[in-house]
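**Q** Coordinates in input-v1.txt, compact mmCIF, C-alpha atoms and all ligand atoms, are listed below.
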# COMPACT_ATOMS: atom_id res chain seq x y z
CA MET U 1 19.77 3.40 4.19
CA VAL U 2 18.60 6.94 3.39
CA ALA U 3 18.45 9.17 6.47
CA VAL U 4 15.60 11.61 7.06
CA ALA U 5 16.75 14.83 8.73
CA SER U 6 14.89 17.82 10.10
CA ASP U 7 15.85 19.95 7.09
CA ASP U 8 14.67 17.27 4.62
CA PRO U 9 11.55 18.07 2.63
CA ASP U 10 8.22 16.47 3.35
CA ARG U 11 7.96 13.56 0.92
CA ILE U 12 5.26 11.82 -1.07
CA ILE U 13 6.50 8.56 -2.57
CA HIS U 14 4.78 6.62 -5.34
CA ALA U 15 5.70 2.99 -4.64
CA ASP U 16 4.70 -0.28 -3.04
CA ASN U 17 5.23 0.58 0.60
CA LEU U 18 7.06 -2.66 1.40
CA ALA U 19 9.70 -1.83 -1.20
CA VAL U 20 10.31 1.69 0.05
CA LEU U 21 10.06 1.33 3.85
CA PRO U 22 13.48 -0.32 4.31
CA SER U 23 15.04 2.88 2.91
CA LEU U 24 13.77 4.89 5.89
CA PRO U 25 15.81 5.09 9.11
CA ASP U 26 15.04 3.19 12.33
CA GLY U 27 13.08 5.02 15.00
CA TYR U 28 12.49 8.21 13.03
CA PHE U 29 8.73 8.63 13.27
CA THR U 30 6.80 9.72 16.33
CA LEU U 31 3.53 8.71 14.69
CA VAL U 32 2.64 6.04 12.16
CA TYR U 33 -0.99 6.14 11.02
CA LEU U 34 -2.17 3.29 8.78
CA ASP U 35 -5.50 2.89 7.02
CA PRO U 36 -4.89 -0.20 4.91
CA PRO U 37 -7.29 -1.59 2.31
CA PHE U 38 -9.06 -4.80 3.26
CA ASN U 39 -8.99 -6.43 -0.18
CA THR U 40 -5.49 -7.80 -0.57
CA GLY U 41 -4.41 -10.87 -2.48
CA ARG U 42 -2.83 -14.08 -1.26
CA SER U 43 0.00 -14.02 -3.81
CA GLN U 44 0.98 -10.51 -2.79
CA ALA U 45 0.84 -11.50 0.86
CA ARG U 46 2.99 -14.57 0.49
CA GLN U 47 5.75 -12.83 -1.46
CA SER U 48 6.15 -10.14 1.15
CA THR U 49 6.79 -11.93 4.44
CA ARG U 50 9.97 -10.90 6.27
CA HIS U 51 11.68 -11.78 9.55
CA VAL U 52 11.97 -9.74 12.72
CA ARG U 53 14.80 -10.28 15.18
CA VAL U 54 13.70 -11.08 18.73
CA THR U 55 15.46 -9.96 21.90
CA GLY U 56 14.52 -10.28 25.57
CA SER U 57 14.64 -12.97 28.20
CA ASP U 58 11.31 -14.57 27.28
CA ALA U 59 12.01 -14.51 23.58
CA ALA U 60 10.40 -17.28 21.61
CA PRO U 61 12.62 -19.67 19.67
CA PRO U 62 13.65 -18.42 16.22
CA ALA U 63 10.65 -18.12 13.94
CA ALA U 64 9.97 -20.78 11.37
CA SER U 65 10.73 -19.68 7.85
CA GLY U 66 8.41 -16.93 6.61
CA THR U 67 6.87 -16.02 9.97
CA ILE U 68 7.39 -13.24 12.47
CA THR U 69 8.05 -13.66 16.16
CA GLY U 70 6.56 -10.91 18.33
CA PHE U 71 8.67 -7.84 18.98
CA ALA U 72 8.07 -8.26 22.69
CA GLY U 73 9.32 -11.83 22.52
CA LYS U 74 5.87 -13.35 23.02
CA ARG U 75 4.81 -16.60 21.45
CA TYR U 76 3.27 -14.81 18.53
CA GLU U 77 3.54 -17.66 16.07
CA ARG U 78 1.30 -20.01 18.04
CA ILE U 79 -1.35 -17.34 18.56
CA ARG U 80 -1.11 -16.43 14.90
CA GLY U 81 -1.51 -20.03 13.79
CA ASP U 82 -4.49 -20.69 16.07
CA LEU U 83 -6.26 -17.51 15.11
CA LEU U 84 -5.75 -17.51 11.38
CA ARG U 85 -7.02 -21.06 11.00
CA TYR U 86 -10.50 -19.70 11.75
CA ASP U 87 -10.66 -17.32 8.83
CA ASP U 88 -8.93 -17.82 5.48
CA ARG U 89 -9.84 -14.35 4.33
CA PHE U 90 -8.23 -12.77 7.35
CA ASP U 91 -5.17 -14.95 6.83
CA ASP U 92 -4.67 -13.27 3.44
CA TYR U 93 -5.07 -9.87 4.99
CA TRP U 94 -2.73 -10.50 7.89
CA GLY U 95 -0.12 -12.02 5.58
CA PHE U 96 -0.14 -8.73 3.68
CA LEU U 97 -0.14 -6.53 6.77
CA GLU U 98 2.30 -8.36 9.01
CA PRO U 99 5.57 -7.49 7.23
CA ARG U 100 4.40 -3.90 6.88
CA LEU U 101 3.61 -3.70 10.61
CA ALA U 102 7.08 -5.07 11.28
CA GLU U 103 8.47 -2.12 9.32
CA ALA U 104 6.14 0.29 11.13
CA TRP U 105 7.45 -0.95 14.46
CA ARG U 106 11.07 -0.54 13.35
CA LEU U 107 10.39 2.98 12.10
CA LEU U 108 8.64 4.14 15.28
CA ALA U 109 10.65 6.27 17.69
CA ASP U 110 10.92 5.05 21.29
CA ASP U 111 8.22 7.56 22.23
CA GLY U 112 6.22 6.74 19.10
CA THR U 113 2.65 5.53 18.56
CA LEU U 114 0.96 3.40 15.90
CA TYR U 115 -2.66 4.04 14.94
CA LEU U 116 -4.10 1.19 12.86
CA HIS U 117 -7.44 2.06 11.30
CA LEU U 118 -9.66 -0.99 10.69
CA ASP U 119 -13.27 -1.90 10.10
CA TYR U 120 -15.38 -4.18 12.27
CA ARG U 121 -14.61 -7.29 10.22
CA GLU U 122 -10.92 -7.26 10.95
CA ALA U 123 -10.55 -5.32 14.22
CA HIS U 124 -10.92 -8.21 16.67
CA TYR U 125 -8.48 -10.57 15.00
CA ALA U 126 -6.04 -7.70 14.56
CA LYS U 127 -6.28 -6.76 18.24
CA VAL U 128 -5.30 -10.25 19.40
CA LEU U 129 -2.46 -10.44 16.89
CA LEU U 130 -1.16 -6.97 17.71
CA ASP U 131 -1.20 -7.80 21.43
CA ALA U 132 1.07 -10.72 20.65
CA LEU U 133 3.19 -8.83 18.13
CA PHE U 134 3.77 -5.57 20.05
CA GLY U 135 3.20 -6.92 23.56
CA ARG U 136 -0.07 -6.45 25.41
CA GLU U 137 1.48 -3.77 27.63
CA CYS U 138 1.96 -1.65 24.50
CA PHE U 139 -1.77 -1.50 23.76
CA LEU U 140 -3.03 2.00 24.53
CA ASN U 141 -6.57 2.35 23.20
CA GLU U 142 -9.29 1.05 20.97
CA ILE U 143 -10.84 4.15 19.44
CA VAL U 144 -14.31 3.84 17.98
CA TRP U 145 -15.05 6.35 15.25
CA ALA U 146 -18.84 6.48 15.01
CA TYR U 147 -20.64 8.12 12.10
CA ASP U 148 -24.16 7.99 10.75
CA TYR U 149 -24.36 8.06 7.01
CA GLY U 150 -25.63 5.91 4.15
CA ALA U 151 -28.00 2.97 3.89
CA LYS U 152 -29.19 1.24 7.06
CA ALA U 153 -29.49 -2.55 7.36
CA LYS U 154 -32.89 -3.78 8.52
CA ARG U 155 -31.93 -7.31 9.61
CA ARG U 156 -29.15 -6.35 12.01
CA TRP U 157 -27.86 -3.22 13.74
CA PRO U 158 -26.51 -0.98 10.99
CA THR U 159 -22.71 -0.94 11.25
CA LYS U 160 -21.68 2.68 11.46
CA HIS U 161 -18.25 2.72 13.04
CA ASP U 162 -14.57 2.09 12.34
CA THR U 163 -12.05 0.91 14.91
CA ILE U 164 -8.62 2.46 15.38
CA LEU U 165 -6.21 0.34 17.45
CA VAL U 166 -3.49 2.32 19.19
CA TYR U 167 -0.18 0.75 20.22
CA VAL U 168 2.92 2.43 21.59
CA LYS U 169 6.48 1.33 21.05
CA ASP U 170 7.38 1.73 24.74
CA PRO U 171 4.68 2.05 27.42
CA ASP U 172 7.07 4.00 29.68
CA ARG U 173 8.17 6.56 27.09
CA TYR U 174 5.37 7.28 24.63
CA TRP U 175 4.28 10.85 23.90
CA PHE U 176 0.64 11.71 24.60
CA ASP U 177 -0.59 15.24 25.29
CA SER U 178 -4.32 15.38 25.92
CA THR U 179 -4.13 19.14 26.57
CA ALA U 180 -3.13 19.70 22.94
CA VAL U 181 -6.33 18.12 21.62
CA ASP U 182 -9.31 20.25 20.52
CA ARG U 183 -12.05 19.89 23.11
CA GLU U 184 -15.64 19.02 22.19
CA PRO U 185 -19.06 20.09 23.45
CA TYR U 186 -20.56 18.26 26.44
CA MET U 187 -23.51 16.05 25.44
CA ALA U 188 -25.47 17.42 28.41
CA PRO U 189 -23.98 20.88 29.08
CA GLY U 190 -26.73 21.57 31.65
CA LEU U 191 -25.15 18.99 33.98
CA VAL U 192 -21.82 20.84 34.31
CA THR U 193 -20.90 24.37 35.37
CA PRO U 194 -21.17 27.11 32.72
CA GLU U 195 -17.37 27.46 32.83
CA LYS U 196 -16.91 23.76 32.08
CA ALA U 197 -19.56 23.86 29.37
CA GLU U 198 -17.77 26.82 27.78
CA LEU U 199 -14.41 25.03 27.89
CA GLY U 200 -15.81 21.80 26.42
CA LYS U 201 -14.67 18.31 27.35
CA LEU U 202 -11.76 16.14 26.41
CA PRO U 203 -12.68 13.53 23.80
CA THR U 204 -12.97 9.96 25.10
CA ASP U 205 -12.18 6.83 23.07
CA VAL U 206 -15.52 7.14 21.22
CA TRP U 207 -15.36 9.78 18.50
CA TRP U 208 -18.58 10.94 16.87
CA HIS U 209 -17.53 12.54 13.62
CA THR U 210 -19.18 12.90 10.23
CA ILE U 211 -17.62 11.23 7.21
CA VAL U 212 -16.06 13.53 4.60
CA SER U 213 -19.02 15.45 3.24
CA PRO U 214 -19.62 14.81 -0.47
CA THR U 215 -20.04 18.55 -0.93
CA GLY U 216 -17.61 19.83 1.70
CA ARG U 217 -14.31 21.74 1.48
CA GLU U 218 -12.24 18.67 2.32
CA LYS U 219 -13.57 16.44 -0.45
CA THR U 220 -10.80 15.32 -2.82
CA GLY U 221 -12.77 12.72 -4.76
CA TYR U 222 -10.63 9.84 -3.44
CA PRO U 223 -13.09 7.09 -2.48
CA THR U 224 -11.67 6.07 0.92
CA GLN U 225 -10.70 9.54 2.12
CA LYS U 226 -10.83 9.94 5.93
CA PRO U 227 -11.92 13.16 7.66
CA GLU U 228 -9.26 15.66 8.71
CA GLY U 229 -10.98 15.96 12.11
CA ILE U 230 -10.10 12.36 12.95
CA LEU U 231 -6.45 12.76 11.94
CA ARG U 232 -6.23 16.12 13.68
CA ARG U 233 -6.89 14.57 17.09
CA ILE U 234 -4.40 11.82 16.47
CA VAL U 235 -1.63 14.17 15.36
CA GLN U 236 -2.34 16.69 18.14
CA ALA U 237 -2.22 14.08 20.91
CA SER U 238 0.64 11.88 19.76
CA THR U 239 3.19 14.30 18.25
CA ARG U 240 4.90 17.62 18.97
CA GLU U 241 5.61 20.36 16.46
CA GLY U 242 8.48 19.33 14.21
CA ASP U 243 8.00 15.58 14.77
CA TRP U 244 7.91 13.27 11.74
CA VAL U 245 4.69 11.46 10.82
CA LEU U 246 4.45 8.46 8.47
CA ASP U 247 1.46 7.15 6.52
CA PHE U 248 2.31 4.45 4.01
CA PHE U 249 -1.27 3.77 2.91
CA ALA U 250 -1.66 7.47 2.22
CA GLY U 251 -4.57 7.55 -0.26
CA SER U 252 -5.63 11.18 -0.66
CA GLY U 253 -2.97 12.31 1.85
CA THR U 254 -5.19 13.29 4.79
CA THR U 255 -2.44 12.52 7.31
CA GLY U 256 0.04 14.76 5.51
CA ALA U 257 -2.48 17.58 5.05
CA VAL U 258 -3.19 17.61 8.79
CA ALA U 259 0.49 17.24 9.71
CA ALA U 260 1.35 20.26 7.53
CA THR U 261 -1.39 22.37 9.12
CA LEU U 262 -0.12 21.51 12.60
CA GLY U 263 3.57 22.11 11.89
CA ARG U 264 4.60 18.45 11.77
CA ARG U 265 6.77 16.84 9.08
CA PHE U 266 5.58 13.93 6.95
CA VAL U 267 6.40 11.04 4.64
CA LEU U 268 3.50 9.58 2.66
CA VAL U 269 3.58 6.48 0.44
CA ASP U 270 0.96 5.11 -1.95
CA GLU U 271 1.20 2.73 -4.89
CA ASN U 272 -1.90 3.97 -6.71
CA PRO U 273 -1.26 6.61 -9.41
CA GLU U 274 -4.71 8.10 -8.75
CA ALA U 275 -3.77 8.68 -5.11
CA ILE U 276 -0.60 10.46 -6.24
CA ASP U 277 -2.62 12.68 -8.62
CA VAL U 278 -5.03 13.56 -5.82
CA MET U 279 -2.12 14.38 -3.51
CA ARG U 280 -0.44 16.56 -6.15
CA ALA U 281 -3.59 18.67 -6.24
CA ARG U 282 -4.07 18.62 -2.46
CA PHE U 283 -0.49 19.70 -1.67
CA ALA U 284 -0.13 22.17 -4.54
CA GLY U 285 -0.37 25.13 -2.16
CA ILE U 286 2.11 23.73 0.39
CA ALA U 287 5.74 24.68 -0.16
CA GLY U 288 8.59 22.20 -0.02
CA VAL U 289 6.76 18.93 -0.61
CA ARG U 290 8.86 16.57 -2.76
CA PHE U 291 7.22 13.95 -4.98
CA GLU U 292 9.31 10.83 -5.67
CA VAL U 293 8.74 7.70 -7.71
CA GLY U 294 9.89 4.29 -6.49
CA VAL U 295 12.65 3.39 -4.07
CA PRO U 296 15.42 6.01 -3.63
CA ALA U 297 18.48 5.00 -5.68
CA SER U 298 20.81 4.84 -2.68
CA ALA U 299 18.47 2.66 -0.64
CA GLY U 300 19.21 -0.94 0.34
C1 LIG Z 401 -8.08 3.08 2.65
S1 LIG Z 401 -7.00 3.90 1.56
C2 LIG Z 401 -6.27 5.18 2.55
C3 LIG Z 401 -7.11 6.43 2.60
C4 LIG Z 401 -6.47 7.57 3.35
N1 LIG Z 401 -6.43 7.32 4.78
C5 LIG Z 401 -7.17 8.89 3.07
O1 LIG Z 401 -7.60 9.58 4.01
O2 LIG Z 401 -7.31 9.22 1.91
C6 LIG Z 401 -5.68 2.74 1.40
C7 LIG Z 401 -4.61 3.13 0.42
O3 LIG Z 401 -3.55 2.17 0.49
C8 LIG Z 401 -2.96 2.11 -0.80
N2 LIG Z 401 -2.19 0.87 -0.87
C9 LIG Z 401 -2.65 -0.40 -0.85
N3 LIG Z 401 -1.64 -1.28 -0.92
C10 LIG Z 401 -0.50 -0.56 -0.95
C11 LIG Z 401 0.88 -0.89 -1.01
N4 LIG Z 401 1.29 -2.15 -1.04
N5 LIG Z 401 1.79 0.11 -1.06
C12 LIG Z 401 1.39 1.42 -1.02
N6 LIG Z 401 0.08 1.79 -0.97
C13 LIG Z 401 -0.85 0.82 -0.93
C14 LIG Z 401 -4.14 2.17 -1.75
O4 LIG Z 401 -3.72 2.62 -3.03
C15 LIG Z 401 -5.04 3.18 -1.04
O5 LIG Z 401 -4.84 4.48 -1.54
Translate this file's structure into structure tokens.
**A**
Amino acid sequence: MVAVASDDPDRIIHADNLAVLPSLPDGYFTLVYLDPPFNTGRSQARQSTRHVRVTGSDAAPPAASGTITGFAGKRYERIRGDLLRYDDRFDDYWGFLEPRLAEAWRLLADDGTLYLHLDYREAHYAKVLLDALFGRECFLNEIVWAYDYGAKAKRRWPTKHDTILVYVKDPDRYWFDSTAVDREPYMAPGLVTPEKAELGKLPTDVWWHTIVSPTGREKTGYPTQKPEGILRRIVQASTREGDWVLDFFAGSGTTGAVAATLGRRFVLVDENPEAIDVMRARFAGIAGVRFEVGVPASAG
């Protein structure tokens, strides 16, 4: 296992995340943010499944081969089986995500938080499965990121939001500092005192935020790039300066860019060479970022 230490460089790794994650040390990251792609293949999913050890008095019996028993010792397998029978397509997706979430959980510090960014098609299944996998008491929030851009459906309500599910490793120890978060304008400033209106209000779990503007400063050209404003809130609330942040579906590297701006440390992973090219350009002005290819030689 390769240790990450405070004097290590920030790292951007070009690899399949499932191959590289075992090389990172247990409990190192205060924040794991994941924005996985929805289109994943069955063959990839089936090859990747790993086991997770269960502890605790209400632990389920050992998992059947190729399945995961919930970290909190809940009867995850039965819930998983019941739920995934409804939707073959989601079964593929969850088969891909599950072993990666197991690694995310292992890598989270005791005061750490997972943010899993999903769209409306997968969010509800994922919520039920994550409740069983992490333990329902570890669920912190369902954040709705609402935007208003692009074509509008006429035969149903246009879908203009993403869902970010937030789970903590330990509900008694997680780090969350709402005072560190940028405040936002009141919707009806006339209803509060001028002092309050001036100060702005704390964001709730519904975040109105534009997508990355096609002509704006942030635009990298990477198709699924997320806005820095969304990541900024997440990093501000759930980490302190100097904490390590992990994003192993890094894409254009938004998580790392925000982490660097806020004085946090980061490890990013992506398997797509185009993502790595975009990140080389995006991090060109930031000193001390190390680019690596594949799994570190001493890993495993
Ligand atoms: C939705 S994008 C992430 C976008 C990112 N949040 C941003 O702001 O740019 C998902 C990324 O996951 C990467 N990815 C998919 N499967 C992967 C895997 N097995 N290992 C590493 N990266 C993977 C894709 O290449 C893609 O860049």
**Q** Would you please work out which residue, of U:Trp208, U:Tyr115, U:Tyr86, U:Trp244, is nearest to ligand LIG 401 (chain Z) when using all atoms listed in the file?
**A** U:Tyr115
**Q** Could you list, with a cut-off of 9 Å and counting only C-alpha atoms, the residues of stretch 269-288 of chain U near stretch 15-20 of chain U, each shown with its nearest atom pair and the distance in Å rounded to one decimal, rows sorted by chain and ascending number, as CSV?
**A**
residue,atom,partner,partner_atom,distance
U:Val269,CA,U:Asn17,CA,6.1
U:Asp270,CA,U:Ala15,CA,5.8
U:Glu271,CA,U:Ala15,CA,4.5
U:Asn272,CA,U:Ala15,CA,7.9
**Q** Can those selected residues be exported to a file as a PDB file, in the coordinates of the input so that it contains C-alpha atoms?
**A**
ATOM      1  CA  VAL U 269       3.580   6.480   0.440  1.00  0.00           C
ATOM      2  CA  ASP U 270       0.960   5.110  -1.950  1.00  0.00           C
ATOM      3  CA  GLU U 271       1.200   2.730  -4.890  1.00  0.00           C
ATOM      4  CA  ASN U 272      -1.900   3.970  -6.710  1.00  0.00           C
TER       5      ASN U 272
END
**Q** Quick one: residues within 7 Å of U:Ala180, only C-alpha atoms, excluding same-chain residues fewer than 2 positions away - as an NGL selection string?
**A** :U and (177-178 or 182 or 236-237)
**Q** Suppose you want the space between atom CA of U:Ala126 and atom CA of U:Asp87; what is it in Å?
**A**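 Between these atoms lies a distance of 12.1 Å.
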**Q** If we count only C-alpha atoms, what is near U:Leu246 at a cut-off of 10 Å, once residues fewer than 4 positions away on the same chain are taken out, given as a list in words?
**A**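 These residues fall inside the cut-off: Arg11, Tyr28, Phe29, Thr30, Leu31, Val32, Tyr33, Leu34, Ala104, Leu107, Leu108, Leu114, Ala250, Thr255, Gly256, Ala259, Arg265, Phe266, Val267, Leu268 and Val269 of chain U.
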**Q** Output C-alpha atoms of each residue in that selection to a file, as a PDB file, keeping the file's coordinate frame.
**A**
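This went into again_6.pdb:
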ATOM      1  CA  ARG U  11       7.960  13.560   0.920  1.00  0.00           C
ATOM      2  CA  TYR U  28      12.490   8.210  13.030  1.00  0.00           C
ATOM      3  CA  PHE U  29       8.730   8.630  13.270  1.00  0.00           C
ATOM      4  CA  THR U  30       6.800   9.720  16.330  1.00  0.00           C
ATOM      5  CA  LEU U  31       3.530   8.710  14.690  1.00  0.00           C
ATOM      6  CA  VAL U  32       2.640   6.040  12.160  1.00  0.00           C
ATOM      7  CA  TYR U  33      -0.990   6.140  11.020  1.00  0.00           C
ATOM      8  CA  LEU U  34      -2.170   3.290   8.780  1.00  0.00           C
ATOM      9  CA  ALA U 104       6.140   0.290  11.130  1.00  0.00           C
ATOM     10  CA  LEU U 107      10.390   2.980  12.100  1.00  0.00           C
ATOM     11  CA  LEU U 108       8.640   4.140  15.280  1.00  0.00           C
ATOM     12  CA  LEU U 114       0.960   3.400  15.900  1.00  0.00           C
ATOM     13  CA  ALA U 250      -1.660   7.470   2.220  1.00  0.00           C
ATOM     14  CA  THR U 255      -2.440  12.520   7.310  1.00  0.00           C
ATOM     15  CA  GLY U 256       0.040  14.760   5.510  1.00  0.00           C
ATOM     16  CA  ALA U 259       0.490  17.240   9.710  1.00  0.00           C
ATOM     17  CA  ARG U 265       6.770  16.840   9.080  1.00  0.00           C
ATOM     18  CA  PHE U 266       5.580  13.930   6.950  1.00  0.00           C
ATOM     19  CA  VAL U 267       6.400  11.040   4.640  1.00  0.00           C
ATOM     20  CA  LEU U 268       3.500   9.580   2.660  1.00  0.00           C
ATOM     21  CA  VAL U 269       3.580   6.480   0.440  1.00  0.00           C
TER      22      VAL U 269
END
**Q** Take every atom of ligand LIG 401 (chain Z) listed in the file, pad by 3 Å on each side, and give me the axis-aligned box centre and edge lengths in Å, one decimal, as lines of an AutoDock Vina configuration file.
**A**
center_x = -3.1
center_y = 3.7
center_z = 0.9
size_x = 15.9
size_y = 17.7
size_z = 13.8
**Q** Could you give me, as JSON, numbers by chain, every polymer residue with an atom at most 10 Å away from an atom of ligand LIG 401 (chain Z), counting only C-alpha atoms and all ligand atoms?
**A** {"U": [13, 14, 15, 16, 17, 18, 19, 20, 21, 33, 34, 35, 36, 37, 38, 39, 40, 44, 45, 48, 96, 97, 100, 117, 118, 212, 219, 220, 221, 222, 223, 224, 225, 226, 227, 228, 230, 231, 247, 248, 249, 250, 251, 252, 253, 254, 255, 256, 257, 268, 269, 270, 271, 272, 273, 274, 275, 276, 278, 279]}
**Q** Record the distance separating atom CA of U:Lys169 and atom CA of U:Thr113, expressed in Å with one decimal.
**A** 6.2 Å
**Q** How far is it from atom CA of U:Asp111 to atom CA of U:Asp170, in Å with one decimal?
**A**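 Straight-line distance from atom CA of U:Asp111 to atom CA of U:Asp170 works out to 6.4 Å.
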**Q** From the set U:Arg106, U:Arg183, U:Arg264, U:Arg89, which residue has the shortest atom-to-atom contact distance to U:Leu202, counting all atoms listed in the file?
**A**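 The shortest atom-to-atom distance to U:Leu202 comes from U:Arg183.
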**Q** Compile the contact shell of stretch 137-151 of chain U as a compact mmCIF listing (two decimals) with C-alpha atoms, in the frame of the given file: residues with an atom at most 8 Å away, counting all atoms listed in the file, same-chain residues fewer than 4 positions apart removed.
**A**
# COMPACT_ATOMS: atom_id res chain seq x y z
CA ASP U 131 -1.20 -7.80 21.43
CA LYS U 160 -21.68 2.68 11.46
CA HIS U 161 -18.25 2.72 13.04
CA ASP U 162 -14.57 2.09 12.34
CA THR U 163 -12.05 0.91 14.91
CA ILE U 164 -8.62 2.46 15.38
CA LEU U 165 -6.21 0.34 17.45
CA VAL U 166 -3.49 2.32 19.19
CA TYR U 167 -0.18 0.75 20.22
CA VAL U 168 2.92 2.43 21.59
CA LYS U 169 6.48 1.33 21.05
CA ASP U 170 7.38 1.73 24.74
CA PRO U 171 4.68 2.05 27.42
CA ASP U 205 -12.18 6.83 23.07
CA VAL U 206 -15.52 7.14 21.22
CA TRP U 207 -15.36 9.78 18.50
CA TRP U 208 -18.58 10.94 16.87
CA HIS U 209 -17.53 12.54 13.62
CA THR U 210 -19.18 12.90 10.23
CA ILE U 211 -17.62 11.23 7.21
**Q** Would you mind listing what lies within 12 Å of U:Pro189 as a PyMOL selection string, with all atoms listed in the file counted and same-chain residues fewer than 4 positions away left out?
**A** chain U and resi 184-185+193-201
**Q** Could you tell me which of U:Ile68, U:Asp7, U:Thr179, U:Trp94 comes closest to U:Gly242 if we count all atoms listed in the file?
**A** U:Asp7
